[in-house]
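Structure file final-v3.cif (mmCIF, C-alpha atoms) follows.
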data_final
#
loop_
_atom_site.label_atom_id
_atom_site.label_comp_id
_atom_site.auth_asym_id
_atom_site.auth_seq_id
_atom_site.Cartn_x
_atom_site.Cartn_y
_atom_site.Cartn_z
CA MET H 1 70.88 -24.81 -44.64
CA LYS H 2 69.22 -22.02 -46.56
CA PRO H 3 65.75 -23.64 -46.65
CA PHE H 4 66.05 -24.18 -42.90
CA TYR H 5 66.63 -20.50 -42.17
CA ALA H 6 63.95 -19.55 -44.67
CA LEU H 7 61.50 -21.75 -42.78
CA LEU H 8 62.51 -20.14 -39.49
CA GLY H 9 61.92 -16.76 -41.09
CA VAL H 10 58.45 -17.80 -42.22
CA VAL H 11 57.57 -18.95 -38.70
CA VAL H 12 58.86 -15.69 -37.21
CA VAL H 13 56.90 -13.57 -39.68
CA VAL H 14 53.67 -15.57 -39.29
CA GLY H 15 53.97 -15.88 -35.50
CA GLY H 16 54.99 -12.27 -34.97
CA GLY H 17 52.27 -11.03 -37.30
CA TRP H 18 49.69 -13.09 -35.47
CA LEU H 19 50.74 -11.66 -32.10
CA VAL H 20 50.69 -8.08 -33.36
CA TRP H 21 47.28 -8.61 -34.91
CA ALA H 22 45.92 -10.26 -31.77
CA SER H 23 47.19 -7.49 -29.51
CA ARG H 24 45.68 -4.77 -31.70
CA THR H 25 42.29 -6.41 -32.09
CA THR H 26 39.64 -4.69 -30.01
CA PRO H 27 38.63 -7.08 -27.25
CA ALA H 28 35.64 -9.03 -28.43
CA PRO H 29 33.18 -10.63 -26.03
CA ALA H 30 34.84 -13.10 -23.72
CA PRO H 31 34.91 -16.66 -25.00
CA ALA H 32 32.18 -17.69 -22.61
CA ALA H 33 29.93 -15.12 -24.22
CA SER H 34 30.81 -15.94 -27.78
CA ARG H 35 30.00 -19.61 -27.48
CA PRO H 36 26.44 -20.83 -27.25
CA VAL H 37 25.90 -21.90 -23.67
CA PRO H 38 22.95 -24.16 -22.97
CA ALA H 39 20.51 -22.47 -20.64
CA ALA H 40 20.30 -24.09 -17.24
CA ALA H 41 17.00 -25.62 -16.28
CA ASP H 42 17.56 -25.43 -12.54
CA GLY H 43 14.66 -23.04 -12.07
CA PHE H 44 16.87 -20.44 -10.43
CA ARG H 45 15.01 -17.13 -10.27
CA GLY H 46 17.79 -14.78 -9.22
CA TYR H 47 19.06 -13.60 -5.85
CA THR H 48 16.74 -11.44 -3.83
CA LEU H 49 16.89 -8.73 -1.20
CA GLY H 50 14.02 -8.10 1.16
CA SER H 51 11.08 -9.91 2.64
CA GLU H 52 9.35 -12.75 0.84
CA ALA H 53 6.10 -11.19 2.10
CA ALA H 54 6.77 -7.79 0.53
CA PRO H 55 3.75 -6.55 -1.46
CA VAL H 56 5.88 -5.36 -4.37
CA GLU H 57 8.55 -7.24 -6.25
CA VAL H 58 10.99 -5.39 -8.44
CA VAL H 59 12.97 -7.49 -10.88
CA GLU H 60 16.03 -5.79 -12.26
CA TYR H 61 17.78 -7.09 -15.36
CA ALA H 62 21.33 -5.86 -15.12
CA ASP H 63 24.80 -6.23 -16.54
CA PHE H 64 27.69 -5.75 -14.13
CA GLN H 65 29.74 -4.01 -16.80
CA CYS H 66 26.97 -1.67 -17.94
CA PRO H 67 27.76 1.89 -16.72
CA HIS H 68 24.07 2.78 -16.24
CA CYS H 69 23.64 -0.28 -14.04
CA GLY H 70 26.73 0.74 -12.09
CA GLU H 71 25.44 4.26 -11.57
CA PHE H 72 22.07 2.98 -10.48
CA ALA H 73 23.56 0.45 -8.07
CA VAL H 74 25.91 2.96 -6.49
CA LEU H 75 23.74 6.07 -6.44
CA GLN H 76 20.13 4.89 -6.20
CA LEU H 77 19.97 1.40 -4.80
CA PRO H 78 21.30 2.26 -1.33
CA THR H 79 18.38 4.64 -0.81
CA ILE H 80 15.93 2.10 -2.22
CA ARG H 81 17.31 -0.49 0.17
CA GLU H 82 16.84 1.86 3.08
CA GLN H 83 13.42 3.25 2.19
CA LEU H 84 11.70 0.41 0.37
CA ILE H 85 13.47 -2.90 0.94
CA ALA H 86 14.36 -2.60 4.61
CA THR H 87 10.86 -1.36 5.37
CA GLY H 88 9.31 -4.51 3.91
CA LYS H 89 7.63 -2.80 0.99
CA VAL H 90 9.80 -4.21 -1.77
CA ARG H 91 11.55 -7.46 -2.57
CA TRP H 92 14.37 -6.80 -5.05
CA ARG H 93 15.39 -9.53 -7.48
CA LEU H 94 18.49 -9.21 -9.61
CA ARG H 95 18.65 -11.09 -12.91
CA ASP H 96 21.60 -11.34 -15.24
CA PHE H 97 21.32 -9.78 -18.65
CA PRO H 98 24.85 -9.82 -20.08
CA LEU H 99 24.94 -7.44 -23.00
CA GLY H 100 26.84 -8.54 -26.06
CA GLY H 101 28.81 -5.32 -26.37
CA PHE H 102 30.87 -5.66 -23.22
CA PRO H 103 33.73 -8.14 -23.07
CA TRP H 104 33.51 -8.95 -19.37
CA SER H 105 29.74 -9.10 -18.81
CA ARG H 106 29.57 -12.85 -18.42
CA VAL H 107 32.88 -13.10 -16.62
CA SER H 108 31.60 -10.67 -13.97
CA ALA H 109 28.19 -12.36 -13.82
CA LEU H 110 29.91 -15.66 -13.24
CA ALA H 111 32.04 -14.15 -10.47
CA ALA H 112 28.88 -12.93 -8.73
CA GLN H 113 27.14 -16.30 -9.11
CA CYS H 114 30.17 -18.12 -7.76
CA ALA H 115 30.21 -15.76 -4.79
CA GLY H 116 26.50 -16.47 -4.39
CA GLU H 117 27.31 -20.14 -4.08
CA GLN H 118 29.08 -19.23 -0.86
CA GLY H 119 26.33 -16.88 0.34
CA LYS H 120 28.08 -13.70 -0.79
CA PHE H 121 26.18 -12.77 -3.94
CA TRP H 122 25.10 -9.31 -2.82
CA PRO H 123 28.44 -8.27 -1.33
CA MET H 124 30.09 -9.37 -4.58
CA ALA H 125 27.44 -7.67 -6.74
CA ASP H 126 27.86 -4.44 -4.78
CA THR H 127 31.64 -4.64 -5.04
CA LEU H 128 31.55 -5.36 -8.76
CA PHE H 129 29.42 -2.29 -9.37
CA LEU H 130 31.47 -0.19 -7.00
CA THR H 131 34.75 -1.13 -8.69
CA GLN H 132 33.35 -1.13 -12.23
CA SER H 133 35.57 1.73 -13.32
CA GLU H 134 38.64 -0.27 -12.31
CA TRP H 135 37.91 -3.33 -14.44
CA GLY H 136 35.14 -2.38 -16.84
CA ARG H 137 37.25 -0.22 -19.13
CA SER H 138 40.23 -2.50 -19.23
CA SER H 139 41.09 -4.77 -22.11
CA ARG H 140 42.75 -7.01 -19.56
CA ASN H 141 40.76 -10.02 -18.44
CA PRO H 142 39.55 -9.07 -14.94
CA SER H 143 39.24 -12.64 -13.64
CA GLY H 144 42.29 -12.17 -11.43
CA PHE H 145 40.85 -8.91 -10.11
CA PHE H 146 37.54 -10.66 -9.34
CA ARG H 147 39.45 -13.41 -7.61
CA ASP H 148 41.07 -10.82 -5.39
CA LEU H 149 37.64 -9.34 -4.65
CA ALA H 150 36.37 -12.80 -3.74
CA ARG H 151 39.27 -13.33 -1.41
CA GLY H 152 38.65 -9.90 0.12
CA LEU H 153 35.06 -10.90 0.81
CA GLY H 154 36.27 -13.94 2.69
CA LEU H 155 35.27 -16.54 0.14
CA ASP H 156 36.87 -19.95 0.08
CA ARG H 157 39.41 -19.46 -2.70
CA ASP H 158 39.52 -23.07 -3.87
CA LYS H 159 35.75 -23.33 -4.10
CA TYR H 160 35.53 -20.01 -5.91
CA ASP H 161 38.29 -20.99 -8.36
CA ALA H 162 36.68 -24.34 -9.04
CA CYS H 163 33.33 -22.66 -9.65
CA VAL H 164 34.79 -20.11 -12.08
CA ALA H 165 37.04 -22.62 -13.81
CA SER H 166 34.16 -24.98 -14.46
CA GLN H 167 31.86 -22.10 -15.50
CA ARG H 168 29.36 -23.75 -13.17
CA TYR H 169 26.69 -21.12 -13.55
CA ALA H 170 27.20 -20.13 -17.18
CA GLY H 171 23.98 -21.97 -18.05
CA ARG H 172 22.10 -20.16 -15.31
CA ILE H 173 23.31 -16.80 -16.64
CA GLU H 174 22.29 -17.77 -20.14
CA ALA H 175 18.86 -18.85 -18.91
CA SER H 176 18.40 -15.47 -17.24
CA TYR H 177 19.45 -13.72 -20.43
CA GLN H 178 17.06 -15.80 -22.55
CA GLU H 179 14.25 -15.09 -20.10
CA GLY H 180 14.97 -11.37 -20.36
CA ILE H 181 14.86 -11.55 -24.14
CA ALA H 182 11.53 -13.36 -23.98
CA LEU H 183 10.17 -10.66 -21.68
CA GLY H 184 11.22 -7.89 -24.03
CA VAL H 185 14.32 -6.64 -22.27
CA GLN H 186 16.42 -4.68 -24.74
CA GLY H 187 18.94 -2.92 -22.54
CA THR H 188 20.05 -2.54 -18.97
CA PRO H 189 19.00 -1.75 -16.40
CA THR H 190 15.44 -2.82 -17.10
CA PHE H 191 12.94 -3.15 -14.29
CA PHE H 192 9.71 -5.03 -13.81
CA VAL H 193 7.47 -3.88 -10.99
CA ASN H 194 5.15 -6.71 -10.03
CA GLY H 195 5.65 -8.15 -13.47
CA ARG H 196 5.00 -4.94 -15.39
CA LEU H 197 7.79 -3.75 -17.63
CA LYS H 198 9.25 -0.46 -16.60
CA THR H 199 12.09 0.82 -18.76
CA ASP H 200 13.04 4.11 -17.27
CA ASN H 201 16.55 5.19 -18.10
CA ASN H 202 16.43 7.80 -15.39
CA ALA H 203 15.27 5.41 -12.71
CA SER H 204 15.76 7.04 -9.35
CA SER H 205 14.98 6.12 -5.78
CA ASP H 206 12.34 8.88 -5.69
CA ARG H 207 10.69 7.54 -8.81
CA PHE H 208 10.68 4.01 -7.40
CA LYS H 209 9.16 5.28 -4.16
CA GLN H 210 6.33 6.91 -6.12
CA VAL H 211 5.69 3.79 -8.18
CA VAL H 212 5.83 1.44 -5.21
CA ASP H 213 3.58 3.62 -3.08
CA SER H 214 1.04 3.84 -5.89
CA VAL H 215 1.08 0.05 -6.37
CA ILE H 216 0.59 -0.54 -2.65
CA ALA H 217 -2.20 2.08 -2.53
CA ALA H 218 -3.92 0.34 -5.44
CA GLN H 219 -3.63 -3.00 -3.65
CA HIS H 220 -5.28 -1.51 -0.54
CA LYS H 221 -8.18 -0.15 -2.55
CA ARG H 222 -9.09 -3.61 -3.82
CA MET K 1 71.76 -32.23 -37.84
CA ARG K 2 68.33 -32.73 -39.28
CA HIS K 3 66.78 -33.47 -35.92
CA ARG K 4 68.25 -30.26 -34.48
CA GLN K 5 66.82 -28.28 -37.36
CA ALA K 6 63.44 -29.89 -36.84
CA ILE K 7 63.57 -29.13 -33.12
CA ALA K 8 64.54 -25.51 -33.77
CA LEU K 9 61.57 -25.10 -36.08
CA LEU K 10 59.12 -26.79 -33.71
CA ALA K 11 60.47 -24.91 -30.70
CA LEU K 12 59.94 -21.63 -32.53
CA ILE K 13 56.31 -22.57 -33.18
CA GLY K 14 55.89 -23.59 -29.53
CA PHE K 15 57.54 -20.34 -28.46
CA PHE K 16 54.92 -18.27 -30.27
CA ILE K 17 52.07 -20.35 -28.81
CA ALA K 18 53.42 -19.90 -25.28
CA LEU K 19 54.14 -16.22 -25.92
CA TYR K 20 50.55 -15.72 -27.09
CA LEU K 21 49.17 -17.32 -23.93
CA TRP K 22 51.55 -15.36 -21.74
CA LEU K 23 50.68 -12.04 -23.39
CA TYR K 24 47.02 -12.84 -22.75
CA LYS K 25 47.76 -13.66 -19.14
CA ILE K 26 49.54 -10.36 -18.51
CA GLY K 27 46.78 -8.44 -20.25
CA ALA K 28 48.57 -7.43 -23.45
CA ILE K 29 45.99 -9.38 -25.44
CA GLY K 30 42.37 -8.91 -24.50
CA GLU K 31 40.82 -12.10 -25.73
CA LEU K 32 42.01 -15.55 -26.67
CA LYS K 33 40.99 -16.83 -30.07
CA CYS K 34 39.92 -20.18 -28.80
CA GLY K 35 37.27 -21.52 -31.13
CA THR K 36 35.49 -24.41 -29.48
CA GLY K 37 37.93 -24.80 -26.61
CA ALA K 38 37.64 -23.50 -23.07
CA CYS K 39 40.81 -21.40 -22.96
CA GLU K 40 39.23 -18.83 -20.66
CA ALA K 41 38.39 -21.44 -18.04
CA VAL K 42 41.90 -22.86 -18.16
CA GLN K 43 43.77 -19.58 -18.32
CA THR K 44 41.83 -18.00 -15.47
CA SER K 45 42.07 -21.05 -13.24
CA ARG K 46 44.34 -21.09 -10.20
CA TRP K 47 46.59 -23.59 -11.97
CA ALA K 48 47.42 -21.07 -14.68
CA VAL K 49 49.91 -19.54 -12.24
CA TRP K 50 52.78 -21.56 -10.78
CA PHE K 51 54.87 -20.11 -7.94
CA GLY K 52 53.51 -16.69 -8.76
CA VAL K 53 54.50 -16.89 -12.42
CA PRO K 54 52.05 -17.57 -15.27
CA VAL K 55 52.50 -21.13 -16.51
CA ALA K 56 52.72 -19.83 -20.06
CA PHE K 57 55.89 -17.96 -19.14
CA TYR K 58 57.59 -21.26 -18.28
CA GLY K 59 56.65 -22.33 -21.78
CA VAL K 60 58.15 -19.18 -23.28
CA VAL K 61 61.43 -19.79 -21.46
CA GLY K 62 61.45 -23.52 -22.19
CA TYR K 63 60.81 -23.17 -25.90
CA ALA K 64 63.31 -20.32 -26.15
CA ALA K 65 65.93 -22.55 -24.53
CA LEU K 66 65.13 -25.43 -26.87
CA PHE K 67 65.29 -23.11 -29.87
CA LEU K 68 68.61 -21.58 -28.87
CA VAL K 69 70.25 -24.91 -28.09
CA ALA K 70 69.00 -26.38 -31.37
CA LEU K 71 70.15 -23.32 -33.29
CA VAL K 72 73.58 -23.44 -31.73
CA GLY K 73 73.64 -27.18 -32.42
CA VAL K 74 73.27 -26.72 -36.16
CA GLN K 75 76.23 -24.36 -36.35
CA PRO K 76 79.31 -26.02 -37.93
CA ALA K 77 81.36 -25.50 -34.76
CA PHE K 78 78.87 -27.55 -32.71
CA ALA K 79 77.63 -29.99 -35.33
CA MET K 80 80.07 -32.68 -34.27
CA ARG K 81 79.43 -32.30 -30.58
CA ARG K 82 77.02 -34.53 -28.76
CA ALA K 83 76.26 -32.07 -25.97
CA PRO K 84 73.50 -30.20 -27.86
CA THR K 85 71.71 -33.48 -28.54
CA LEU K 86 71.89 -34.48 -24.89
CA LEU K 87 70.76 -31.04 -23.75
CA LEU K 88 67.88 -31.03 -26.20
CA THR K 89 66.75 -34.45 -24.99
CA ALA K 90 66.91 -33.31 -21.37
CA LEU K 91 64.99 -30.09 -22.06
CA ALA K 92 62.39 -31.89 -24.18
CA SER K 93 61.91 -34.55 -21.50
CA GLY K 94 61.40 -31.90 -18.82
CA GLY K 95 58.98 -30.05 -21.05
CA LEU K 96 57.06 -33.21 -21.82
CA LEU K 97 56.70 -34.13 -18.13
CA PHE K 98 55.49 -30.62 -17.30
CA THR K 99 53.05 -30.78 -20.20
CA LEU K 100 51.71 -34.15 -19.05
CA TYR K 101 51.07 -32.66 -15.61
CA LEU K 102 49.26 -29.65 -17.13
CA THR K 103 47.19 -31.88 -19.39
CA TYR K 104 46.22 -34.00 -16.38
CA LEU K 105 45.03 -30.80 -14.64
CA GLU K 106 43.00 -29.78 -17.67
CA VAL K 107 41.28 -33.13 -18.07
CA PHE K 108 40.80 -34.28 -14.49
CA VAL K 109 40.82 -31.16 -12.32
CA ILE K 110 39.72 -28.13 -14.34
CA HIS K 111 37.55 -30.20 -16.68
CA ALA K 112 38.26 -27.83 -19.54
CA ILE K 113 40.51 -28.06 -22.56
CA CYS K 114 42.44 -25.12 -23.97
CA ARG K 115 43.08 -25.52 -27.68
CA TRP K 116 46.38 -23.63 -27.52
CA CYS K 117 47.54 -25.82 -24.65
CA VAL K 118 46.76 -28.88 -26.74
CA GLY K 119 48.76 -27.32 -29.59
CA SER K 120 51.70 -26.78 -27.28
CA ALA K 121 51.38 -30.34 -25.95
CA VAL K 122 51.53 -31.71 -29.49
CA VAL K 123 54.57 -29.57 -30.28
CA ILE K 124 56.55 -30.61 -27.19
CA THR K 125 55.61 -34.26 -27.74
CA VAL K 126 56.90 -34.16 -31.31
CA ILE K 127 60.04 -32.35 -30.12
CA TRP K 128 60.61 -35.07 -27.54
CA VAL K 129 60.15 -37.83 -30.14
CA VAL K 130 62.53 -36.08 -32.53
CA SER K 131 65.06 -35.55 -29.75
CA MET K 132 64.90 -39.25 -28.83
CA ILE K 133 65.36 -40.21 -32.47
CA GLY K 134 68.30 -37.81 -32.63
CA LEU K 135 69.82 -39.37 -29.53
CA LYS K 136 69.37 -42.88 -30.89
CA THR K 137 70.67 -41.94 -34.32
CA TRP K 138 73.72 -40.37 -32.78
CA GLY K 139 74.44 -43.47 -30.75
CA GLU K 140 74.35 -45.56 -33.89
CA GLY K 141 76.62 -43.12 -35.62
CA SER K 142 74.46 -42.70 -38.67
CA GLY K 143 73.71 -39.56 -40.52
CA GLU K 144 74.73 -36.86 -38.09
CA TRP K 145 78.24 -36.34 -39.38
CA PHE K 146 77.38 -36.54 -42.99
CA ASP K 147 74.41 -34.20 -42.59
CA ALA K 148 76.73 -31.71 -40.98
CA GLY K 149 78.87 -31.86 -44.07
CA VAL K 150 81.86 -33.19 -42.18
CA GLY K 151 82.12 -36.30 -44.30
CA SER K 152 83.60 -38.69 -41.78
CA SER K 153 82.33 -41.11 -39.19
CA PRO K 154 82.33 -40.37 -35.49
CA PRO K 155 85.11 -42.02 -33.52
#

Exercise: express the given structure as structure tokens:
Amino acid sequence: MKPFYALLGVVVVVGGGWLVWASRTTPAPAPAASRPVPAAADGFRGYTLGSEAAPVEVVEYADFQCPHCGEFAVLQLPTIREQLIATGKVRWRLRDFPLGGFPWSRVSALAAQCAGEQGKFWPMADTLFLTQSEWGRSSRNPSGFFRDLARGLGLDRDKYDACVASQRYAGRIEASYQEGIALGVQGTPTFFVNGRLKTDNNASSDRFKQVVDSVIAAQHKR
Amino acid sequence: MRHRQAIALLALIGFFIALYLWLYKIGAIGELKCGTGACEAVQTSRWAVWFGVPVAFYGVVGYAALFLVALVGVQPAFAMRRAPTLLLTALASGGLLFTLYLTYLEVFVIHAICRWCVGSAVVITVIWVVSMIGLKTWGEGSGEWFDAGVGSSPP
């Protein structure tokens, strides 16, 4: 009987030690981020806001968990939408650039893409940025929280769950990330105005208005 | 006796696997060490919760029950009783059926495999096999009584 109880003791020590170690480990990138995901070749260019005929296109590479992106989305983008996008001057394109340092970057990007599948990308993107402080600092996997957000936005729960569970757009997110790397994106948010790299950490709606107006003025001079 | 010891040991291993998955599900553990599996996809799917309770918690309870019954079964006072063997077989059979259902979901519905779930499936399958062997051995009256140190044959 003694070897039996000794074996039980070994299992308890090893199992308990493993759990303690796992719970104390700083959350690493989510599994989806840590595994190489083949980039999708579906030619998806990101969701857009604004007119297709707008003279200026701004491409933003963003990470939903990045605090700077959150600040920009909450504080600056509403004004940009009102003054530049709604007026037909700018078409805004959002591209995923999940940074390696945040555990939930790809999980949140996937949530937004899965909402996009049901025509709710922008409401989900806005909500993710708006609620970033609620899930971004947590070591707890926010998938359940995102699921609640999706339900709150009126998404079909089964379709959303199936999309997330199958990681349907993981390849698309990876493709966007690889494209950003190829274009020289090093952090977020990074902007391209009509294809020209603009990495301004203090990007503001006023600054964008200046840049956009100058680009449009230059186009008129030609 | 031996089969109860084996089940106790296996159930303890299964208990820690289920506990690990449950702690992840309730947020006590931030990330699953999953290697090449797709634990995230499985654990964040809608099927990871059953009647409002994380599936892993059913595993925690099930393995704890198997462990306790097996542990009680190896005590001298219960070594000669058949009830622990029957109870272990019933619990293992229930666990195996539940595991088969979960594995079906992984393969055919979620299309993702969680390495820890596979580990648990292997453990419960072996427990079930051992429990069936124990049941059969008991019926034939071989080994159990002598292993328990009683030194006589069952009536």

Nearest to K:Lys33 by atom-to-atom distance, counting only C-alpha atoms, from H:Leu94, H:Ala6, H:Leu19, H:Ile80: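 Looking at the shortest contact to K:Lys33, the residue is H:Leu19.
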
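Remark: for chain H, the closest of the candidate residues K:Cys114, K:Leu12, K:Leu68, K:Val55 is K:Leu12 (distances computed over all atoms listed in the file).
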
Nearest candidate to K:Ile127 (options K:Ile7, K:Phe98, K:Gln75, K:Met1; using only C-alpha atoms):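 For K:Ile127, the nearest of the candidates is K:Ile7.
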
Residues near stretch 106-111 of chain H, cut-off 8 Å, all atoms listed in the file, skip fewer than 4 positions along chain, as a PyMOL selection string: chain H and resi 30+32-33+63-65+96+98+115+124+128+142-143+146-147+164+167+169-170+173

Residues of chain H no more than 6 Å from chain K, counting all atoms listed in the file: send them over as a PDB file with C-alpha atoms, keeping the file's coordinate frame.
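What landed in iface-v7.pdb:
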ATOM      1  CA  GLY H  15      53.970 -15.880 -35.500  1.00  0.00           C
ATOM      2  CA  SER H  23      47.190  -7.490 -29.510  1.00  0.00           C
ATOM      3  CA  PRO H  27      38.630  -7.080 -27.250  1.00  0.00           C
ATOM      4  CA  SER H 139      41.090  -4.770 -22.110  1.00  0.00           C
ATOM      5  CA  ARG H 140      42.750  -7.010 -19.560  1.00  0.00           C
ATOM      6  CA  ALA H 165      37.040 -22.620 -13.810  1.00  0.00           C
TER       7      ALA H 165
END

Listed atoms of stretch 96-104 of chain H boxed axis-aligned with 3 Å per side, centre + edges as AutoDock Vina command-line options:
--center_x 27.5 --center_y -8.3 --center_z -20.8 --size_x 18.4 --size_y 12.0 --size_z 17.1

Selection dump of the PyMOL selection byres ((chain H and resi 81-86) around 12), as number ranges by chain: H: 48-58, 73-80, 87-93, 205-213, 216

Among the residues K:Leu100, K:Leu105, K:Leu87, K:Cys117, the one that comes closest to K:Leu135 [using only C-alpha atoms]: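 Smallest distance to K:Leu135 is found for K:Leu87.
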
Nearest to H:Phe191 by atom-to-atom distance, counting all atoms listed in the file, from H:Leu8, H:Ala162, H:Ala203, H:Val215: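 Looking only at the distances to H:Phe191, the closest residue turns out to be H:Ala203.
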
Distance in Å - atom CA of H:Asp158 versus atom CA of H:Pro123: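 Separating atom CA of H:Asp158 from atom CA of H:Pro123 is a distance of 18.7 Å.
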
For atom CA of H:Glu60 and atom CA of H:Gly116, the interatomic separation in Å (one decimal):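 Spanning atom CA of H:Glu60 to atom CA of H:Gly116 is a straight-line distance of 16.9 Å.
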
Distance in Å - atom CA of K:Leu88 versus atom CA of H:Val10: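 So the answer is 22.8 Å.
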
Non-local contacts of K:Leu91 (12 Å; all atoms listed in the file; under 5 positions in same chain excluded) as number ranges by chain: K: 7, 11, 59, 61-70, 84-86, 96-98, 124-125, 127-128, 131-132

Within 7 Å of H:Pro189, counting all atoms listed in the file, which residues qualify if same-chain residues fewer than 6 places away don't, as a PDB file with C-alpha atoms, in the coordinates of the input?
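Saved to around-v5.pdb:
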ATOM      1  CA  GLU H  60      16.030  -5.790 -12.260  1.00  0.00           C
ATOM      2  CA  TYR H  61      17.780  -7.090 -15.360  1.00  0.00           C
ATOM      3  CA  ALA H  62      21.330  -5.860 -15.120  1.00  0.00           C
ATOM      4  CA  HIS H  68      24.070   2.780 -16.240  1.00  0.00           C
ATOM      5  CA  CYS H  69      23.640  -0.280 -14.040  1.00  0.00           C
TER       6      CYS H  69
END

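Distances here use all atoms listed in the file; by that measure, the residue among K:Met80, K:Val118, K:Val123, K:Val130 closest to K:Tyr104 is K:Val118.
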
Would you mind completing stretch 122-141 of chain H to N, CA and C atoms and writing the output as an mmCIF file, in the coordinates of the input?
data_model
loop_
_atom_site.group_PDB
_atom_site.id
_atom_site.type_symbol
_atom_site.label_atom_id
_atom_site.label_comp_id
_atom_site.auth_asym_id
_atom_site.auth_seq_id
_atom_site.Cartn_x
_atom_site.Cartn_y
_atom_site.Cartn_z
ATOM 1 N N TRP H 122 25.316 -10.766 -2.883
ATOM 2 C CA TRP H 122 25.100 -9.310 -2.820
ATOM 3 C C TRP H 122 26.363 -8.528 -2.495
ATOM 4 N N PRO H 123 27.164 -8.992 -1.538
ATOM 5 C CA PRO H 123 28.440 -8.270 -1.330
ATOM 6 C C PRO H 123 29.297 -8.223 -2.598
ATOM 7 N N MET H 124 29.300 -9.355 -3.347
ATOM 8 C CA MET H 124 30.090 -9.370 -4.580
ATOM 9 C C MET H 124 29.465 -8.468 -5.627
ATOM 10 N N ALA H 125 28.133 -8.521 -5.752
ATOM 11 C CA ALA H 125 27.440 -7.670 -6.740
ATOM 12 C C ALA H 125 27.720 -6.195 -6.428
ATOM 13 N N ASP H 126 27.592 -5.832 -5.165
ATOM 14 C CA ASP H 126 27.860 -4.440 -4.780
ATOM 15 C C ASP H 126 29.294 -4.044 -5.111
ATOM 16 N N THR H 127 30.215 -4.946 -4.808
ATOM 17 C CA THR H 127 31.640 -4.640 -5.040
ATOM 18 C C THR H 127 31.947 -4.544 -6.525
ATOM 19 N N LEU H 128 31.326 -5.411 -7.305
ATOM 20 C CA LEU H 128 31.550 -5.360 -8.760
ATOM 21 C C LEU H 128 31.082 -4.026 -9.332
ATOM 22 N N PHE H 129 29.920 -3.579 -8.891
ATOM 23 C CA PHE H 129 29.420 -2.290 -9.370
ATOM 24 C C PHE H 129 30.294 -1.142 -8.873
ATOM 25 N N LEU H 130 30.680 -1.254 -7.619
ATOM 26 C CA LEU H 130 31.470 -0.190 -7.000
ATOM 27 C C LEU H 130 32.846 -0.046 -7.665
ATOM 28 N N THR H 131 33.402 -1.160 -8.104
ATOM 29 C CA THR H 131 34.750 -1.130 -8.690
ATOM 30 C C THR H 131 34.708 -1.181 -10.220
ATOM 31 N N GLN H 132 33.520 -0.976 -10.772
ATOM 32 C CA GLN H 132 33.350 -1.130 -12.230
ATOM 33 C C GLN H 132 34.357 -0.321 -13.038
ATOM 34 N N SER H 133 34.649 0.882 -12.558
ATOM 35 C CA SER H 133 35.570 1.730 -13.320
ATOM 36 C C SER H 133 36.987 1.159 -13.339
ATOM 37 N N GLU H 134 37.288 0.299 -12.380
ATOM 38 C CA GLU H 134 38.640 -0.270 -12.310
ATOM 39 C C GLU H 134 38.838 -1.413 -13.296
ATOM 40 N N TRP H 135 37.752 -2.171 -13.549
ATOM 41 C CA TRP H 135 37.910 -3.330 -14.440
ATOM 42 C C TRP H 135 37.111 -3.231 -15.731
ATOM 43 N N GLY H 136 36.060 -2.406 -15.710
ATOM 44 C CA GLY H 136 35.140 -2.380 -16.840
ATOM 45 C C GLY H 136 35.724 -1.768 -18.101
ATOM 46 N N ARG H 137 36.702 -0.898 -17.948
ATOM 47 C CA ARG H 137 37.250 -0.220 -19.130
ATOM 48 C C ARG H 137 38.553 -0.850 -19.597
ATOM 49 N N SER H 138 38.945 -1.894 -18.908
ATOM 50 C CA SER H 138 40.230 -2.500 -19.230
ATOM 51 C C SER H 138 40.082 -3.581 -20.287
ATOM 52 N N SER H 139 41.097 -3.675 -21.133
ATOM 53 C CA SER H 139 41.090 -4.770 -22.110
ATOM 54 C C SER H 139 41.649 -6.033 -21.466
ATOM 55 N N ARG H 140 42.171 -5.862 -20.255
ATOM 56 C CA ARG H 140 42.750 -7.010 -19.560
ATOM 57 C C ARG H 140 41.649 -7.838 -18.902
ATOM 58 N N ASN H 141 41.743 -9.130 -19.057
ATOM 59 C CA ASN H 141 40.760 -10.020 -18.440
ATOM 60 C C ASN H 141 40.749 -9.794 -16.923
#
